[in-house]
Amino acid sequence: MSQPAQASQAQPQKASTFNKSEKTKDIRLTNIQAAKAVSDAIRTSLGPRGMDKMIQDAKGEVLITNDGATILKQMDLVHPTAKMLVEISHAQDVEAGDGTTSVVVFAGALLKSCEVLLEKGIHPTTISEGFQYALENALEALEELKKPVDLNNKQQLIECVQTALSSKVVSSNSAQLAPLAVDAVLRIIDPLKPNNVDLKDIKIVKKLGGTIDDTELVEGIVFSNQKASQTAGGPQKVENAKVALLQFCLSAPKTDVENSIAIKDYTEMDKILKEERKYIVDLVKKIVASGANVLLIQKSILRDAVNDLSLHFLAKKGIMVVKDIEREDVEFISKTLCLIPVAHIDQLTSDKLGTAGLIETVYLNDESKVLRITGVPAQSKALTILVRGSNQLVLDEADRSIHDALCVVRSLVKSKGLIPGGGAPEIHLSLKLTQKANTLTGARSMCVRAFADALEVIPYTLAENAGLNPINVVTELRNRHLKSQKFAGIGMKKNNIVDDITTQQVVQPILVTRSALSLATECVRMILKIDDLVISAR
């Protein structure tokens, strides 16, 4: 009796272990499939010949872009693993600015390799360690392609930016936008921190109208929506400006929402008007005493920032008034004009004022107006890029493209290294890792080989999106690299393989590829370690 009893107890335990193992396998495969689906969705957007996506949100607003980070940010994803790919694309955007599509496509290829390895019975931890080993070797091999960058060689920097812009909607304007982005970043480099730049010092202002060719770089500030007040004949042009940034209102105080004032006769009304007039006159006297001749007034939600009476008195004193300054612009204005925002009239003194050579309302070529502040202090190192576009969709895409271009130059400042583009680095690394795998044994050899195969997805996709035969192109590219032509890549100008892709000015910062490889591998290793999905009640 004891033996059958033991057998009956062992059987449910075995079944329970089997069910748990199957559930873990299902969870892992579900995670991989969800992440692969996201990768496949944006794979067609990779490269100069990649397609754009039209995205319509719940409000009916339309967005056209092929920027990986932007597309993924707009996606309404439910699966938590799919959201991880959105996060690595955003991380790539923050770190390098370019390669946001490549990092997701490569992560998808690695996950596809994981499926094959898991089916062969290799443990997820072994795969994870093998991928980490492969990544370390890949980053070492990447240094072999590195060419040093001289930040004084502007042409070299421009070529790199043009490569990044080649896949954008505004690629036809890259000859103008690339030098503009390079000039902007080089001007704000701080000698005390030569290995990085703060892109917050460059403000991108969009103004509908004109064409992208009308985009310009301004050493100072441009306001596209805020105008100098013309009430009571206020000045529209001020030279040698002393600028005050006010965070209080130039209008009479008001009661709380719950309170009201009852007036019974005209004399009481006259008293209120006289008090209001006296209050505003006192404000204007203190402003004049400070020496300010231009007022920038922050937008207020409590009451009107200014009223007609205050504008009248300020116009009589020849003081320019610009109202409705956005809160998020305060820091940039303060840094550019070297001023200190003032929260109360009693704090307004001459040492809080900023300076500018000229503040004027400027008419653009399509008769639209902007307010331009130039002649800012040299130590401010802040610039504005005024972006023009014929419609809102083009304008928004130009804004994103210029941001990516600025990030590419920042990447060169940080890493000071260039590598070829056109799929050349991925094929080079793939061959190096394949050779490394041949020296290894067991599961690690298979993992390194799988990592090497996954790298080929980038040149494969570039060729596929260009309408070429991807298998033939990748095979030929691999043969060229085996003959020590390590700069051989896919030339999109003539849709052929070029022995040295750098001769066609197709180059990119080493930071872009280094960051993409690291982020994709890190994400895939994390997905592999997940063996269950728990829904929290909170």
# chains A, B, ... in the order shown; residues from 1 in each chain; ligands from 1
>>> select_by_dssp(residues="segment 170-206 of chain A", states="strand (DSSP E)", output="list of chain:residue names")
A:Ile202, A:Lys203, A:Ile204, A:Val205, A:Lys206
>>> select_by_dssp(residues="segment 406-438 of chain A", states="helix (DSSP H, G or I)", output="JSON, numbers by chain")
{"A": [406, 407, 408, 409, 410, 411, 412, 413, 414, 415, 424, 425, 426, 427, 428, 429, 430, 431, 432, 433, 434, 435, 436, 437, 438]}
>>> atom_distance(atom1="atom CA of Asp150 of chain A", atom2="atom CA of Lys200 of chain A")
23.7 Å
>>> residues_around(residues="segment 511-527 of chain A", least_positions_apart="4", cutoff="6 Å", atoms="only C-alpha atoms", output="compact mmCIF listing (two decimals) with all heavy atoms, in the first residue's frame")
# COMPACT_ATOMS: atom_id res chain seq x y z
N ALA A 96 22.20 60.04 -27.16
CA ALA A 96 22.88 60.32 -28.44
C ALA A 96 22.06 61.17 -29.40
O ALA A 96 22.62 61.81 -30.28
CB ALA A 96 23.28 59.01 -29.11
N VAL A 103 18.20 51.18 -32.39
CA VAL A 103 18.30 50.48 -31.10
C VAL A 103 17.13 49.53 -30.91
O VAL A 103 17.29 48.41 -30.39
CB VAL A 103 18.40 51.50 -29.93
CG1 VAL A 103 17.11 52.28 -29.76
CG2 VAL A 103 18.76 50.81 -28.64
N ALA A 107 17.31 45.41 -30.91
CA ALA A 107 16.75 44.69 -29.77
C ALA A 107 15.78 43.60 -30.25
O ALA A 107 15.77 42.48 -29.72
CB ALA A 107 16.03 45.65 -28.83
N SER A 128 21.94 35.31 -21.31
CA SER A 128 22.18 36.67 -20.84
C SER A 128 23.68 36.93 -20.65
O SER A 128 24.20 37.96 -21.09
CB SER A 128 21.43 36.88 -19.52
OG SER A 128 21.73 38.13 -18.96
>>> atom_distance(atom1="atom CA of Arg28 of chain A", atom2="atom CA of Ala91 of chain A")
23.8 Å
>>> residues_around(residues="Glu360 of chain A", least_positions_apart="6", cutoff="9 Å", atoms="only C-alpha atoms", output="PyMOL selection string")
chain A and resi 228+235-239+370-374
>>> closest_atom_pairs(of="segment 146-252 of chain A", to="segment 264-281 of chain A", cutoff="10 Å", atoms="only C-alpha atoms", output="CSV")
residue,atom,partner,partner_atom,distance
A:Leu250,CA,A:Ile280,CA,6.9
A:Ser251,CA,A:Ile280,CA,6.7
A:Ala252,CA,A:Glu276,CA,5.7
>>> write_last_selection(atoms="N, CA, C and O atoms", output="PDB file, in the first residue's frame")
ATOM      1  N   LEU A 250       1.015  94.383 -13.436  1.00  0.00           N
ATOM      2  CA  LEU A 250       0.934  95.851 -13.446  1.00  0.00           C
ATOM      3  C   LEU A 250      -0.523  96.266 -13.613  1.00  0.00           C
ATOM      4  O   LEU A 250      -0.913  96.952 -14.558  1.00  0.00           O
ATOM      5  N   SER A 251      -1.336  95.762 -12.718  1.00  0.00           N
ATOM      6  CA  SER A 251      -2.756  96.117 -12.717  1.00  0.00           C
ATOM      7  C   SER A 251      -3.224  96.156 -11.271  1.00  0.00           C
ATOM      8  O   SER A 251      -2.550  95.651 -10.380  1.00  0.00           O
ATOM      9  N   ALA A 252      -4.393  96.758 -11.057  1.00  0.00           N
ATOM     10  CA  ALA A 252      -4.890  96.936  -9.694  1.00  0.00           C
ATOM     11  C   ALA A 252      -5.219  95.592  -9.054  1.00  0.00           C
ATOM     12  O   ALA A 252      -5.694  94.683  -9.737  1.00  0.00           O
TER      13      ALA A 252
END
>>> residues_around(residues="Ser174 of chain A", least_positions_apart="4", cutoff="8 Å", atoms="only C-alpha atoms", output="list in words")
Gln162, Leu165, Ser166, Val170 and Ala178 of chain A
>>> atom_distance(atom1="atom CA of Ala35 of chain A", atom2="atom CA of Tyr460 of chain A")
19.6 Å
>>> residues_around(residues="segment 45-55 of chain A", least_positions_apart="6", cutoff="8 Å", atoms="only C-alpha atoms", output="number ranges by chain")
A: 62-68, 71, 74, 101-102, 166-168, 461-462, 465-466, 492
>>> residues_around(residues="Pro425 of chain A", least_positions_apart="3", cutoff="9 Å", atoms="only C-alpha atoms", output="JSON list (two decimals) with N, CA, C and O atoms, in the first residue's frame")
[["chain", "number", "residue", "atom", "x", "y", "z"],
["A", 142, "LEU", "N", 34.64, 47.85, -32.00],
["A", 142, "LEU", "CA", 34.14, 49.10, -32.57],
["A", 142, "LEU", "C", 35.22, 50.18, -32.58],
["A", 142, "LEU", "O", 35.25, 51.04, -33.48],
["A", 145, "LEU", "N", 37.29, 50.96, -35.75],
["A", 145, "LEU", "CA", 36.76, 51.78, -36.84],
["A", 145, "LEU", "C", 36.81, 53.27, -36.52],
["A", 145, "LEU", "O", 36.53, 54.10, -37.38],
["A", 419, "ILE", "N", 32.72, 56.99, -36.89],
["A", 419, "ILE", "CA", 32.80, 55.68, -37.55],
["A", 419, "ILE", "C", 31.99, 55.75, -38.84],
["A", 419, "ILE", "O", 31.12, 56.61, -38.98],
["A", 420, "PRO", "N", 32.24, 54.84, -39.78],
["A", 420, "PRO", "CA", 31.46, 54.86, -41.02],
["A", 420, "PRO", "C", 30.01, 54.45, -40.77],
["A", 420, "PRO", "O", 29.70, 53.79, -39.78],
["A", 421, "GLY", "N", 29.12, 54.84, -41.67],
["A", 421, "GLY", "CA", 27.72, 54.44, -41.58],
["A", 421, "GLY", "C", 27.41, 53.39, -42.65],
["A", 421, "GLY", "O", 28.29, 52.62, -43.05],
["A", 422, "GLY", "N", 26.18, 53.37, -43.12],
["A", 422, "GLY", "CA", 25.80, 52.47, -44.21],
["A", 422, "GLY", "C", 25.90, 50.99, -43.88],
["A", 422, "GLY", "O", 26.13, 50.17, -44.78],
["A", 428, "HIS", "N", 31.17, 44.68, -39.67],
["A", 428, "HIS", "CA", 32.52, 44.52, -39.10],
["A", 428, "HIS", "C", 32.44, 43.82, -37.74],
["A", 428, "HIS", "O", 33.20, 42.87, -37.48],
["A", 429, "LEU", "N", 31.52, 44.27, -36.89],
["A", 429, "LEU", "CA", 31.38, 43.67, -35.56],
["A", 429, "LEU", "C", 30.87, 42.23, -35.67],
["A", 429, "LEU", "O", 31.30, 41.36, -34.91],
["A", 430, "SER", "N", 29.97, 41.99, -36.61],
["A", 430, "SER", "CA", 29.43, 40.64, -36.80],
["A", 430, "SER", "C", 30.54, 39.65, -37.15],
["A", 430, "SER", "O", 30.61, 38.55, -36.59],
["A", 486, "LYS", "N", 37.23, 47.24, -44.33],
["A", 486, "LYS", "CA", 36.38, 47.43, -43.15],
["A", 486, "LYS", "C", 35.52, 48.69, -43.21],
["A", 486, "LYS", "O", 34.66, 48.89, -42.35],
["A", 487, "PHE", "N", 35.71, 49.53, -44.21],
["A", 487, "PHE", "CA", 34.86, 50.72, -44.36],
["A", 487, "PHE", "C", 33.84, 50.53, -45.47],
["A", 487, "PHE", "O", 33.17, 51.49, -45.87],
["A", 489, "GLY", "N", 30.41, 49.84, -47.17],
["A", 489, "GLY", "CA", 29.04, 50.01, -46.69],
["A", 489, "GLY", "C", 28.08, 50.18, -47.86],
["A", 489, "GLY", "O", 28.48, 50.21, -49.03],
["A", 513, "THR", "N", 26.38, 54.36, -32.02],
["A", 513, "THR", "CA", 26.41, 52.90, -32.12],
["A", 513, "THR", "C", 26.73, 52.27, -30.77],
["A", 513, "THR", "O", 26.13, 51.26, -30.39]]
>>> closest_residue(among="A:Gln132, A:Thr502, A:Asn472, A:Thr70", to="Ala424 of chain A", atoms="only C-alpha atoms")
A:Thr502
>>> closest_residue(among="A:Gly375, A:Lys83, A:Glu219, A:Asp399", to="Ala241 of chain A", atoms="only C-alpha atoms")
A:Gly375
>>> closest_residue(among="A:Asn196, A:Asn31, A:Ser171, A:Asn479", to="Glu397 of chain A", atoms="only C-alpha atoms")
A:Ser171
